[in-house]
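Reproduced below: data-v3.cif, with mmCIF, C-alpha atoms.
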data_data
#
loop_
_atom_site.group_PDB
_atom_site.id
_atom_site.type_symbol
_atom_site.label_atom_id
_atom_site.label_comp_id
_atom_site.auth_asym_id
_atom_site.auth_seq_id
_atom_site.Cartn_x
_atom_site.Cartn_y
_atom_site.Cartn_z
ATOM 1 C CA MET V 129 -149.216 127.458 -62.147
ATOM 2 C CA ARG V 130 -145.879 125.695 -62.321
ATOM 3 C CA SER V 131 -145.703 122.335 -60.521
ATOM 4 C CA VAL V 132 -143.300 121.690 -57.664
ATOM 5 C CA ARG V 133 -141.461 119.198 -59.883
ATOM 6 C CA SER V 134 -140.994 121.836 -62.584
ATOM 7 C CA MET V 135 -139.771 124.346 -60.034
ATOM 8 C CA ASN V 136 -137.301 121.800 -58.650
ATOM 9 C CA ARG V 137 -136.118 121.047 -62.171
ATOM 10 C CA SER V 138 -135.553 124.737 -62.820
ATOM 11 C CA LEU V 139 -133.601 124.973 -59.572
ATOM 12 C CA GLY V 140 -131.434 122.043 -60.696
ATOM 13 C CA ILE V 141 -130.748 123.693 -64.056
ATOM 14 C CA THR V 142 -129.890 126.966 -62.353
ATOM 15 C CA THR V 143 -127.585 125.201 -59.895
ATOM 16 C CA ALA V 144 -125.716 123.331 -62.640
ATOM 17 C CA ILE V 145 -125.331 126.458 -64.764
ATOM 18 C CA PHE V 146 -124.199 128.475 -61.746
ATOM 19 C CA VAL V 147 -121.560 125.911 -60.774
ATOM 20 C CA GLY V 148 -120.436 125.638 -64.373
ATOM 21 C CA SER V 149 -120.095 129.416 -64.630
ATOM 22 C CA LEU V 150 -117.883 129.433 -61.550
ATOM 23 C CA ILE V 151 -115.736 126.607 -62.871
ATOM 24 C CA ALA V 152 -115.335 127.594 -66.505
ATOM 25 C CA PRO V 153 -113.147 130.711 -66.126
ATOM 26 C CA SER V 154 -110.558 128.873 -64.061
ATOM 27 C CA ILE V 155 -110.679 125.817 -66.340
ATOM 28 C CA LEU V 156 -109.974 127.720 -69.504
ATOM 29 C CA SER V 157 -106.973 129.458 -68.016
ATOM 30 C CA ASP V 158 -104.641 126.689 -66.900
ATOM 31 C CA GLY V 159 -104.120 123.003 -66.079
ATOM 32 C CA ALA V 160 -105.172 119.761 -67.848
ATOM 33 C CA ALA V 161 -106.088 116.258 -66.926
ATOM 34 C CA TYR V 162 -107.281 113.009 -68.339
ATOM 35 C CA ALA V 163 -108.281 110.051 -66.215
ATOM 36 C CA ALA V 164 -109.386 106.961 -68.092
ATOM 37 C CA ALA V 165 -113.156 106.525 -67.796
ATOM 38 C CA ILE V 166 -114.998 103.243 -68.208
ATOM 39 C CA LYS V 167 -118.606 104.273 -67.552
ATOM 40 C CA VAL V 168 -121.059 106.163 -69.749
ATOM 41 C CA TYR V 169 -123.450 108.059 -67.488
ATOM 42 C CA SER V 170 -127.152 108.454 -68.270
ATOM 43 C CA PRO V 171 -128.828 111.793 -67.488
ATOM 44 C CA TYR V 172 -131.516 110.176 -65.326
ATOM 45 C CA VAL V 173 -131.841 110.406 -61.542
ATOM 46 C CA GLU V 174 -133.973 108.208 -59.253
ATOM 47 C CA LYS V 175 -135.078 109.981 -56.085
ATOM 48 C CA GLY V 176 -134.628 107.969 -52.874
ATOM 49 C CA GLU V 177 -132.411 105.330 -54.482
ATOM 50 C CA THR V 178 -129.297 104.239 -52.576
ATOM 51 C CA GLU V 179 -126.497 102.732 -54.649
ATOM 52 C CA ILE V 180 -123.368 100.737 -53.942
ATOM 53 C CA GLU V 181 -121.180 100.733 -57.036
ATOM 54 C CA TYR V 182 -117.944 99.197 -58.265
ATOM 55 C CA GLN V 183 -116.054 100.366 -61.365
ATOM 56 C CA GLY V 184 -112.830 98.773 -62.544
ATOM 57 C CA TYR V 185 -110.576 98.174 -65.521
ATOM 58 C CA ARG V 186 -107.330 96.433 -66.456
ATOM 59 C CA THR V 187 -105.243 97.126 -69.582
ATOM 60 C CA PHE V 188 -103.474 94.613 -71.860
ATOM 61 C CA ASP V 189 -100.587 95.541 -74.143
ATOM 62 C CA SER V 190 -97.278 94.112 -75.387
ATOM 63 C CA ASP V 191 -95.628 97.373 -74.266
ATOM 64 C CA SER V 192 -94.861 97.057 -70.536
ATOM 65 C CA ALA V 193 -95.425 100.811 -70.137
ATOM 66 C CA LYS V 194 -99.119 100.310 -71.030
ATOM 67 C CA ASN V 195 -99.733 96.775 -69.757
ATOM 68 C CA ASN V 196 -101.588 95.908 -66.547
ATOM 69 C CA GLU V 197 -102.660 99.396 -65.570
ATOM 70 C CA GLN V 198 -105.572 99.067 -63.151
ATOM 71 C CA LYS V 199 -108.128 101.366 -61.591
ATOM 72 C CA ASN V 200 -110.807 100.370 -59.091
ATOM 73 C CA LYS V 201 -113.535 102.620 -57.697
ATOM 74 C CA LEU V 202 -115.953 101.769 -54.890
ATOM 75 C CA GLY V 203 -118.781 104.208 -54.287
ATOM 76 C CA LEU V 204 -121.866 104.938 -52.210
ATOM 77 C CA GLY V 205 -124.539 107.157 -53.752
ATOM 78 C CA TYR V 206 -128.018 108.504 -53.110
ATOM 79 C CA GLY V 207 -130.780 110.142 -55.177
ATOM 80 C CA VAL V 208 -131.407 113.207 -53.033
ATOM 81 C CA THR V 209 -134.203 114.643 -55.202
ATOM 82 C CA ASP V 210 -135.808 113.807 -58.533
ATOM 83 C CA TYR V 211 -133.146 115.895 -60.263
ATOM 84 C CA TRP V 212 -129.981 115.510 -58.118
ATOM 85 C CA ALA V 213 -127.939 112.417 -57.211
ATOM 86 C CA THR V 214 -124.625 112.458 -55.366
ATOM 87 C CA GLU V 215 -121.964 109.783 -54.797
ATOM 88 C CA ILE V 216 -118.665 109.403 -52.947
ATOM 89 C CA TYR V 217 -115.958 107.046 -54.311
ATOM 90 C CA GLY V 218 -112.736 105.625 -52.982
ATOM 91 C CA ILE V 219 -110.214 105.042 -55.788
ATOM 92 C CA TRP V 220 -107.384 102.500 -55.928
ATOM 93 C CA LYS V 221 -104.867 102.538 -58.803
ATOM 94 C CA LYS V 222 -102.047 100.380 -60.071
ATOM 95 C CA SER V 223 -99.579 101.754 -62.606
ATOM 96 C CA PRO V 224 -97.869 99.347 -65.041
ATOM 97 C CA GLY V 225 -95.220 97.489 -63.043
ATOM 98 C CA GLY V 226 -96.368 99.095 -59.793
ATOM 99 C CA LYS V 227 -98.443 98.078 -56.802
ATOM 100 C CA THR V 228 -102.102 98.687 -56.079
ATOM 101 C CA GLN V 229 -102.602 101.516 -53.609
ATOM 102 C CA PHE V 230 -105.293 103.900 -52.448
ATOM 103 C CA ASP V 231 -105.074 106.935 -54.712
ATOM 104 C CA ALA V 232 -107.965 109.373 -54.260
ATOM 105 C CA THR V 233 -111.439 110.253 -53.043
ATOM 106 C CA GLU V 234 -113.992 111.467 -55.574
ATOM 107 C CA TRP V 235 -117.223 113.409 -55.096
ATOM 108 C CA GLU V 236 -119.648 113.039 -57.995
ATOM 109 C CA ASN V 237 -122.873 114.966 -58.611
ATOM 110 C CA ARG V 238 -125.369 114.336 -61.401
ATOM 111 C CA PHE V 239 -128.263 116.646 -62.311
ATOM 112 C CA GLN V 240 -131.238 115.596 -64.433
ATOM 113 C CA LEU V 241 -132.162 118.764 -66.299
ATOM 114 C CA THR V 242 -135.135 117.586 -68.391
ATOM 115 C CA ASP V 243 -137.944 115.087 -67.964
ATOM 116 C CA ARG V 244 -137.545 111.862 -69.922
ATOM 117 C CA LYS V 245 -138.685 112.309 -73.545
ATOM 118 C CA ALA V 246 -139.894 115.862 -72.886
ATOM 119 C CA TYR V 247 -137.592 117.147 -75.634
ATOM 120 C CA PHE V 248 -135.748 115.730 -78.637
ATOM 121 C CA VAL V 249 -132.787 114.780 -76.391
ATOM 122 C CA ASP V 250 -132.812 114.088 -72.646
ATOM 123 C CA LEU V 251 -130.255 116.270 -70.858
ATOM 124 C CA GLY V 252 -128.264 115.979 -67.639
ATOM 125 C CA PHE V 253 -125.102 117.458 -66.177
ATOM 126 C CA LEU V 254 -122.131 115.872 -64.385
ATOM 127 C CA ILE V 255 -119.719 117.507 -61.932
ATOM 128 C CA GLU V 256 -116.860 115.507 -60.337
ATOM 129 C CA TYR V 257 -114.075 116.513 -57.995
ATOM 130 C CA GLU V 258 -111.217 114.100 -57.261
ATOM 131 C CA HIS V 259 -108.983 114.737 -54.224
ATOM 132 C CA VAL V 260 -105.723 112.793 -54.492
ATOM 133 C CA ARG V 261 -103.904 111.203 -51.547
ATOM 134 C CA ASP V 262 -100.396 112.258 -52.600
ATOM 135 C CA ARG V 263 -100.602 115.973 -53.331
ATOM 136 C CA GLN V 264 -96.815 116.263 -53.337
ATOM 137 C CA ASN V 265 -96.559 114.234 -56.559
ATOM 138 C CA ASP V 266 -100.079 114.359 -57.960
ATOM 139 C CA ALA V 267 -102.898 116.868 -58.428
ATOM 140 C CA ASP V 268 -106.608 117.116 -57.685
ATOM 141 C CA GLU V 269 -108.933 116.943 -60.682
ATOM 142 C CA LEU V 270 -112.118 118.706 -61.667
ATOM 143 C CA ALA V 271 -114.443 117.413 -64.407
ATOM 144 C CA PHE V 272 -117.817 118.589 -65.698
ATOM 145 C CA GLY V 273 -120.000 118.416 -68.779
ATOM 146 C CA PRO V 274 -123.363 117.469 -70.306
ATOM 147 C CA LEU V 275 -124.962 114.023 -70.322
ATOM 148 C CA LEU V 276 -127.279 113.283 -73.258
ATOM 149 C CA ALA V 277 -129.576 110.372 -74.124
ATOM 150 C CA LYS V 278 -131.977 109.585 -76.970
ATOM 151 C CA ASP V 279 -134.276 106.580 -77.506
ATOM 152 C CA ILE V 280 -134.990 105.505 -81.077
ATOM 153 C CA GLY V 281 -137.113 102.363 -81.291
ATOM 154 C CA ARG V 282 -135.395 99.731 -79.143
ATOM 155 C CA THR V 283 -132.034 101.493 -79.158
ATOM 156 C CA THR V 284 -130.655 104.117 -76.787
ATOM 157 C CA THR V 285 -127.815 106.479 -77.667
ATOM 158 C CA THR V 286 -125.987 108.038 -74.712
ATOM 159 C CA ALA V 287 -123.188 110.615 -74.910
ATOM 160 C CA ASN V 288 -121.038 112.367 -72.280
ATOM 161 C CA PHE V 289 -118.810 115.302 -73.267
ATOM 162 C CA ILE V 290 -116.506 116.127 -70.378
ATOM 163 C CA LEU V 291 -113.886 118.803 -69.680
ATOM 164 C CA GLU V 292 -111.162 117.747 -67.238
ATOM 165 C CA ARG V 293 -108.603 119.889 -65.485
ATOM 166 C CA GLN V 294 -105.954 119.232 -62.847
ATOM 167 C CA LEU V 295 -105.629 121.712 -59.987
ATOM 168 C CA GLY V 296 -102.632 122.783 -57.930
ATOM 169 C CA ALA V 297 -98.892 123.157 -58.416
ATOM 170 C CA ASN V 298 -98.509 119.646 -59.856
ATOM 171 C CA GLY V 299 -101.360 119.996 -62.335
ATOM 172 C CA ALA V 300 -100.618 119.470 -66.009
ATOM 173 C CA SER V 301 -101.130 122.400 -68.351
ATOM 174 C CA GLY V 302 -104.282 122.886 -70.475
ATOM 175 C CA VAL V 303 -107.807 121.477 -70.377
ATOM 176 C CA ALA V 304 -108.598 118.007 -71.692
ATOM 177 C CA PHE V 305 -111.716 117.341 -73.757
ATOM 178 C CA THR V 306 -113.001 113.780 -73.362
ATOM 179 C CA TYR V 307 -115.980 111.841 -74.627
ATOM 180 C CA ARG V 308 -117.857 108.716 -73.553
ATOM 181 C CA LEU V 309 -120.378 107.144 -75.965
ATOM 182 C CA GLN V 310 -122.744 104.184 -75.885
ATOM 183 C CA GLU V 311 -125.128 102.707 -78.450
ATOM 184 C CA ARG V 312 -127.340 100.136 -76.694
ATOM 185 C CA TRP V 313 -129.970 97.692 -77.942
ATOM 186 C CA ARG V 314 -132.692 97.072 -75.352
ATOM 187 C CA LEU V 315 -133.066 93.389 -76.189
ATOM 188 C CA TYR V 316 -134.022 92.088 -72.716
ATOM 189 C CA GLU V 317 -133.824 93.819 -69.354
ATOM 190 C CA ALA V 318 -131.253 91.264 -68.184
ATOM 191 C CA PHE V 319 -129.189 91.469 -71.373
ATOM 192 C CA GLU V 320 -128.710 94.593 -73.459
ATOM 193 C CA PRO V 321 -125.769 94.410 -75.917
ATOM 194 C CA ALA V 322 -123.985 97.681 -76.654
ATOM 195 C CA ILE V 323 -121.002 99.345 -78.268
ATOM 196 C CA GLU V 324 -119.056 101.842 -76.151
ATOM 197 C CA ALA V 325 -116.311 104.301 -77.096
ATOM 198 C CA TYR V 326 -114.080 106.518 -74.976
ATOM 199 C CA GLY V 327 -111.482 109.057 -75.942
ATOM 200 C CA GLU V 328 -109.389 112.097 -75.119
ATOM 201 C CA LEU V 329 -108.440 114.660 -77.754
ATOM 202 C CA GLY V 330 -106.044 116.719 -75.651
ATOM 203 C CA ASP V 331 -106.002 120.393 -74.726
ATOM 204 C CA VAL V 332 -109.126 122.178 -75.986
ATOM 205 C CA ARG V 333 -106.931 125.039 -77.237
ATOM 206 C CA ASN V 334 -104.717 122.743 -79.310
ATOM 207 C CA PHE V 335 -105.808 119.126 -79.821
ATOM 208 C CA GLU V 336 -103.080 116.476 -79.938
ATOM 209 C CA SER V 337 -102.147 114.879 -83.270
ATOM 210 C CA PRO V 338 -104.368 111.812 -83.929
ATOM 211 C CA ASN V 339 -101.642 109.276 -83.087
ATOM 212 C CA ARG V 340 -101.112 110.874 -79.650
ATOM 213 C CA GLN V 341 -104.798 110.948 -78.755
ATOM 214 C CA GLU V 342 -106.313 108.126 -76.699
ATOM 215 C CA HIS V 343 -109.340 106.330 -78.182
ATOM 216 C CA MET V 344 -110.872 102.934 -77.463
ATOM 217 C CA ILE V 345 -114.024 101.148 -78.608
ATOM 218 C CA GLY V 346 -115.553 97.747 -78.102
ATOM 219 C CA PRO V 347 -118.502 95.461 -77.315
ATOM 220 C CA VAL V 348 -120.261 95.645 -73.967
ATOM 221 C CA ALA V 349 -123.064 93.709 -72.301
ATOM 222 C CA GLN V 350 -125.248 95.188 -69.606
ATOM 223 C CA GLY V 351 -128.459 94.364 -67.834
ATOM 224 C CA THR V 352 -130.559 94.486 -64.674
ATOM 225 C CA PHE V 353 -131.634 91.666 -62.341
ATOM 226 C CA ARG V 354 -134.638 92.463 -60.154
ATOM 227 C CA ASN V 355 -135.331 89.024 -58.675
ATOM 228 C CA LEU V 356 -132.680 88.727 -55.961
ATOM 229 C CA GLY V 357 -134.570 86.344 -53.713
ATOM 230 C CA SER V 358 -134.879 87.701 -50.178
ATOM 231 C CA LEU V 359 -132.533 90.572 -50.997
ATOM 232 C CA PRO V 360 -134.377 93.821 -51.817
ATOM 233 C CA GLY V 361 -133.469 96.091 -54.702
ATOM 234 C CA LYS V 362 -131.840 95.309 -58.049
ATOM 235 C CA LEU V 363 -128.424 94.439 -59.422
ATOM 236 C CA LYS V 364 -127.003 96.062 -62.576
ATOM 237 C CA TYR V 365 -123.948 95.007 -64.541
ATOM 238 C CA ASN V 366 -121.947 96.447 -67.432
ATOM 239 C CA VAL V 367 -118.941 94.463 -68.680
ATOM 240 C CA GLY V 368 -116.940 94.637 -71.881
ATOM 241 C CA TYR V 369 -113.634 94.687 -73.715
ATOM 242 C CA LEU V 370 -112.406 97.857 -75.412
ATOM 243 C CA PHE V 371 -109.842 97.896 -78.214
ATOM 244 C CA GLY V 372 -107.272 100.666 -78.472
ATOM 245 C CA VAL V 373 -107.549 102.626 -81.724
ATOM 246 C CA THR V 374 -104.323 104.674 -81.538
ATOM 247 C CA SER V 375 -100.712 103.878 -80.612
ATOM 248 C CA ALA V 376 -101.084 105.996 -77.467
ATOM 249 C CA THR V 377 -103.827 103.677 -76.180
ATOM 250 C CA ALA V 378 -103.399 100.229 -74.637
ATOM 251 C CA SER V 379 -104.268 97.450 -77.103
ATOM 252 C CA GLY V 380 -107.078 96.203 -74.881
ATOM 253 C CA THR V 381 -108.983 97.214 -71.759
ATOM 254 C CA LEU V 382 -111.215 94.864 -69.764
ATOM 255 C CA LYS V 383 -113.882 96.856 -67.909
ATOM 256 C CA SER V 384 -116.679 96.162 -65.457
ATOM 257 C CA VAL V 385 -119.289 98.201 -63.609
ATOM 258 C CA ILE V 386 -121.461 96.535 -60.952
ATOM 259 C CA GLU V 387 -124.252 98.430 -59.142
ATOM 260 C CA TYR V 388 -126.548 97.330 -56.347
ATOM 261 C CA GLU V 389 -129.513 99.702 -55.963
ATOM 262 C CA VAL V 390 -132.258 99.777 -53.365
ATOM 263 C CA ARG V 391 -134.969 102.351 -52.703
ATOM 264 C CA PHE V 392 -135.845 103.581 -49.213
#

Would you give me this structure, written as structure tokens?
Amino acid sequence: MRSVRSMNRSLGITTAIFVGSLIAPSILSDGAAYAAAIKVYSPYVEKGETEIEYQGYRTFDSDSAKNNEQKNKLGLGYGVTDYWATEIYGIWKKSPGGKTQFDATEWENRFQLTDRKAYFVDLGFLIEYEHVRDRQNDADELAFGPLLAKDIGRTTTTANFILERQLGANGASGVAFTYRLQERWRLYEAFEPAIEAYGELGDVRNFESPNRQEHMIGPVAQGTFRNLGSLPGKLKYNVGYLFGVTSATASGTLKSVIEYEVRF
């Protein structure tokens, strides 16, 4: 007899596939989007875990059109089941030469589709919907794709392959294919050095020429602190500096992700 956990996992897989099947036809027909990402998501979900999270980055470049772009996200999430976690973010952006202002609200859902180390690669699925504040000059965005992870010895390889599309009259044309990669060495729980890479290849039907694609890679440090004195829960950090690989990318991007997690 199948266990309740296995049945729940099957329900999660079915849900993710069903949502993806509803999304895919509209994605492949029109619209494109690419929003710079600075977090590589793991496929794992912790049931009953509440999370307060900050994500942010700032670009550096001699070209004023690419210098001092900023994005800050503040989110509240919860592990609803052992296979589904959901999170709501508020997003603030600053364009080069502009002012910081509230830009959008994002709803993120992650599904853990396999048990850890049950197969050759651990698999999850991400679905995000971003609702922008200024729909007269901007467009909502939909993103979804698989999350993969593999442990080899003391290293962990994590990969996200995401399709992004803008929705509405102001949406750009086409569908953007993006990737987020991390190679991490589990040295100590409080300090795990890593290399991360992010990129966007352009419309899936006709990738941009290499010099017009956006790619960045660089060193990152992350870790977890469990001893917080009288404060329950744990604190996670992920900070690094990413170097632009193409002329379309800012020369440097300083990134940080801070998460406070507590189980109820």

Result set of the PyMOL selection byres ((chain V and resi 290) around 9) on the coordinates above, as a short mmCIF file (atom, residue, chain, number, x, y, z; two decimals) with C-alpha atoms, in the coordinates of the input:
data_model
loop_
_atom_site.label_atom_id
_atom_site.label_comp_id
_atom_site.auth_asym_id
_atom_site.auth_seq_id
_atom_site.Cartn_x
_atom_site.Cartn_y
_atom_site.Cartn_z
CA LEU V 254 -122.13 115.87 -64.39
CA ALA V 271 -114.44 117.41 -64.41
CA PHE V 272 -117.82 118.59 -65.70
CA GLY V 273 -120.00 118.42 -68.78
CA PRO V 274 -123.36 117.47 -70.31
CA LEU V 275 -124.96 114.02 -70.32
CA ASN V 288 -121.04 112.37 -72.28
CA PHE V 289 -118.81 115.30 -73.27
CA LEU V 291 -113.89 118.80 -69.68
CA GLU V 292 -111.16 117.75 -67.24
CA ALA V 304 -108.60 118.01 -71.69
CA PHE V 305 -111.72 117.34 -73.76
CA THR V 306 -113.00 113.78 -73.36
CA TYR V 307 -115.98 111.84 -74.63
CA ARG V 308 -117.86 108.72 -73.55
#

| task | Compile the contact shell of Tyr247 in chain V as a list in words: residues with an atom at most 12 Å away, counting all atoms listed in the file, same-chain residues fewer than 5 positions apart removed. | result |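 The residues satisfying every condition are Leu241, Thr242, Leu276, Ala277, Lys278 and Asp279 of chain V.
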
| request: Rank V:Phe248, V:Tyr172, V:Tyr369, V:Tyr211 by their smallest atom-to-atom distance to Ile323 in chain V, using all atoms listed in the file, and report the top residue only. | output: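 Closest candidate: V:Tyr369.
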
| task | Give as a PyMOL selection string the residues that the PyMOL selection byres ((chain V and resi 341-345) around 9) matches when applied to the coordinates above. | result | chain V and resi 323-330+335-340+346-347+369-381

For the selection just defined, write its residues with C-alpha atoms to a file, as a compact mmCIF listing (two decimals), in the coordinates of the input.
# COMPACT_ATOMS: atom_id res chain seq x y z
CA ILE V 323 -121.00 99.34 -78.27
CA GLU V 324 -119.06 101.84 -76.15
CA ALA V 325 -116.31 104.30 -77.10
CA TYR V 326 -114.08 106.52 -74.98
CA GLY V 327 -111.48 109.06 -75.94
CA GLU V 328 -109.39 112.10 -75.12
CA LEU V 329 -108.44 114.66 -77.75
CA GLY V 330 -106.04 116.72 -75.65
CA PHE V 335 -105.81 119.13 -79.82
CA GLU V 336 -103.08 116.48 -79.94
CA SER V 337 -102.15 114.88 -83.27
CA PRO V 338 -104.37 111.81 -83.93
CA ASN V 339 -101.64 109.28 -83.09
CA ARG V 340 -101.11 110.87 -79.65
CA GLY V 346 -115.55 97.75 -78.10
CA PRO V 347 -118.50 95.46 -77.32
CA TYR V 369 -113.63 94.69 -73.72
CA LEU V 370 -112.41 97.86 -75.41
CA PHE V 371 -109.84 97.90 -78.21
CA GLY V 372 -107.27 100.67 -78.47
CA VAL V 373 -107.55 102.63 -81.72
CA THR V 374 -104.32 104.67 -81.54
CA SER V 375 -100.71 103.88 -80.61
CA ALA V 376 -101.08 106.00 -77.47
CA THR V 377 -103.83 103.68 -76.18
CA ALA V 378 -103.40 100.23 -74.64
CA SER V 379 -104.27 97.45 -77.10
CA GLY V 380 -107.08 96.20 -74.88
CA THR V 381 -108.98 97.21 -71.76

| Among the residues V:Leu382, V:Gln240, V:Val332, V:Trp313, the one that comes closest to Gly351 in chain V [using all atoms listed in the file] |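 That would be V:Trp313, the residue with the smallest distance to Gly351 in chain V.
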
| query | Where does the PyMOL selection byres ((chain V and resi 230-236) around 12) land in this file, that is, which residues does it pick, as an NGL selection string? | reply | :V and (163 or 169 or 198-207 or 212-223 or 227-229 or 237-239 or 253-263 or 265-272)

| note | Restricting to all atoms listed in the file, whichever of V:Leu315, V:Gly281, V:Ala165, V:Gln310 is closest to Gly184 in chain V is V:Ala165

| Can you tell me how far CA of Ile166 in chain V sits from CA of Val385 in chain V, in Å to one decimal? |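 Those two atoms sit 8.1 Å apart.
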
| field | Within 6 Å of Val348 in chain V using only C-alpha atoms, minus same-chain residues under 3 positions, as a list in words | value | Pro321, Ala322, Ile323, Val367 and Gly368 of chain V

Taking C-alpha atoms for each residue, export the selection above as an mmCIF file, in the frame of the given file.
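Wrote it out as out-v4.cif, contents follow:
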data_model
loop_
_atom_site.group_PDB
_atom_site.id
_atom_site.type_symbol
_atom_site.label_atom_id
_atom_site.label_comp_id
_atom_site.auth_asym_id
_atom_site.auth_seq_id
_atom_site.Cartn_x
_atom_site.Cartn_y
_atom_site.Cartn_z
ATOM 1 C CA PRO V 321 -125.769 94.410 -75.917
ATOM 2 C CA ALA V 322 -123.985 97.681 -76.654
ATOM 3 C CA ILE V 323 -121.002 99.345 -78.268
ATOM 4 C CA VAL V 367 -118.941 94.463 -68.680
ATOM 5 C CA GLY V 368 -116.940 94.637 -71.881
#

With N, CA and C atoms as the goal, would you fill in the gaps in range 216-237 of chain V and present it as a PDB file, in the coordinates of the input?
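The resulting file, result-v3.pdb, is shown below:
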ATOM      1  N   ILE V 216    -120.049 109.310 -53.401  1.00  0.00           N
ATOM      2  CA  ILE V 216    -118.665 109.403 -52.947  1.00  0.00           C
ATOM      3  C   ILE V 216    -117.949 108.098 -53.301  1.00  0.00           C
ATOM      4  N   TYR V 217    -116.749 108.212 -53.916  1.00  0.00           N
ATOM      5  CA  TYR V 217    -115.958 107.046 -54.311  1.00  0.00           C
ATOM      6  C   TYR V 217    -114.613 107.038 -53.595  1.00  0.00           C
ATOM      7  N   GLY V 218    -114.134 105.848 -53.292  1.00  0.00           N
ATOM      8  CA  GLY V 218    -112.736 105.625 -52.982  1.00  0.00           C
ATOM      9  C   GLY V 218    -112.090 105.023 -54.217  1.00  0.00           C
ATOM     10  N   ILE V 219    -110.872 105.467 -54.552  1.00  0.00           N
ATOM     11  CA  ILE V 219    -110.214 105.042 -55.788  1.00  0.00           C
ATOM     12  C   ILE V 219    -108.872 104.394 -55.486  1.00  0.00           C
ATOM     13  N   TRP V 220    -108.656 103.205 -56.030  1.00  0.00           N
ATOM     14  CA  TRP V 220    -107.384 102.500 -55.928  1.00  0.00           C
ATOM     15  C   TRP V 220    -106.800 102.361 -57.327  1.00  0.00           C
ATOM     16  N   LYS V 221    -105.518 102.625 -57.490  1.00  0.00           N
ATOM     17  CA  LYS V 221    -104.867 102.538 -58.803  1.00  0.00           C
ATOM     18  C   LYS V 221    -103.620 101.674 -58.742  1.00  0.00           C
ATOM     19  N   LYS V 222    -103.296 101.125 -59.891  1.00  0.00           N
ATOM     20  CA  LYS V 222    -102.047 100.380 -60.071  1.00  0.00           C
ATOM     21  C   LYS V 222    -101.439 100.805 -61.404  1.00  0.00           C
ATOM     22  N   SER V 223    -100.258 101.389 -61.378  1.00  0.00           N
ATOM     23  CA  SER V 223     -99.579 101.754 -62.606  1.00  0.00           C
ATOM     24  C   SER V 223     -98.876 100.521 -63.168  1.00  0.00           C
ATOM     25  N   PRO V 224     -98.575 100.498 -64.475  1.00  0.00           N
ATOM     26  CA  PRO V 224     -97.869  99.347 -65.041  1.00  0.00           C
ATOM     27  C   PRO V 224     -96.560  99.065 -64.292  1.00  0.00           C
ATOM     28  N   GLY V 225     -96.409  97.851 -63.794  1.00  0.00           N
ATOM     29  CA  GLY V 225     -95.220  97.489 -63.043  1.00  0.00           C
ATOM     30  C   GLY V 225     -95.234  97.916 -61.590  1.00  0.00           C
ATOM     31  N   GLY V 226     -96.292  98.614 -61.170  1.00  0.00           N
ATOM     32  CA  GLY V 226     -96.368  99.095 -59.793  1.00  0.00           C
ATOM     33  C   GLY V 226     -97.271  98.245 -58.928  1.00  0.00           C
ATOM     34  N   LYS V 227     -97.579  98.768 -57.747  1.00  0.00           N
ATOM     35  CA  LYS V 227     -98.443  98.078 -56.802  1.00  0.00           C
ATOM     36  C   LYS V 227     -99.767  98.826 -56.659  1.00  0.00           C
ATOM     37  N   THR V 228    -100.804  98.074 -56.311  1.00  0.00           N
ATOM     38  CA  THR V 228    -102.102  98.687 -56.079  1.00  0.00           C
ATOM     39  C   THR V 228    -102.078  99.461 -54.769  1.00  0.00           C
ATOM     40  N   GLN V 229    -102.559 100.709 -54.818  1.00  0.00           N
ATOM     41  CA  GLN V 229    -102.602 101.516 -53.609  1.00  0.00           C
ATOM     42  C   GLN V 229    -103.765 102.502 -53.677  1.00  0.00           C
ATOM     43  N   PHE V 230    -104.221 102.915 -52.500  1.00  0.00           N
ATOM     44  CA  PHE V 230    -105.293 103.900 -52.448  1.00  0.00           C
ATOM     45  C   PHE V 230    -104.788 105.201 -53.045  1.00  0.00           C
ATOM     46  N   ASP V 231    -105.560 105.781 -53.965  1.00  0.00           N
ATOM     47  CA  ASP V 231    -105.074 106.935 -54.712  1.00  0.00           C
ATOM     48  C   ASP V 231    -105.851 108.214 -54.450  1.00  0.00           C
ATOM     49  N   ALA V 232    -107.193 108.133 -54.328  1.00  0.00           N
ATOM     50  CA  ALA V 232    -107.965 109.373 -54.260  1.00  0.00           C
ATOM     51  C   ALA V 232    -109.369 109.130 -53.747  1.00  0.00           C
ATOM     52  N   THR V 233    -110.021 110.234 -53.380  1.00  0.00           N
ATOM     53  CA  THR V 233    -111.439 110.253 -53.043  1.00  0.00           C
ATOM     54  C   THR V 233    -112.143 111.157 -54.049  1.00  0.00           C
ATOM     55  N   GLU V 234    -113.277 110.698 -54.546  1.00  0.00           N
ATOM     56  CA  GLU V 234    -113.992 111.467 -55.574  1.00  0.00           C
ATOM     57  C   GLU V 234    -115.416 111.767 -55.125  1.00  0.00           C
ATOM     58  N   TRP V 235    -115.837 113.001 -55.369  1.00  0.00           N
ATOM     59  CA  TRP V 235    -117.223 113.409 -55.096  1.00  0.00           C
ATOM     60  C   TRP V 235    -117.896 113.690 -56.431  1.00  0.00           C
ATOM     61  N   GLU V 236    -118.943 112.941 -56.714  1.00  0.00           N
ATOM     62  CA  GLU V 236    -119.648 113.039 -57.995  1.00  0.00           C
ATOM     63  C   GLU V 236    -121.065 113.551 -57.776  1.00  0.00           C
ATOM     64  N   ASN V 237    -121.506 114.450 -58.650  1.00  0.00           N
ATOM     65  CA  ASN V 237    -122.873 114.966 -58.611  1.00  0.00           C
ATOM     66  C   ASN V 237    -123.460 114.946 -60.016  1.00  0.00           C
TER      67      ASN V 237
END
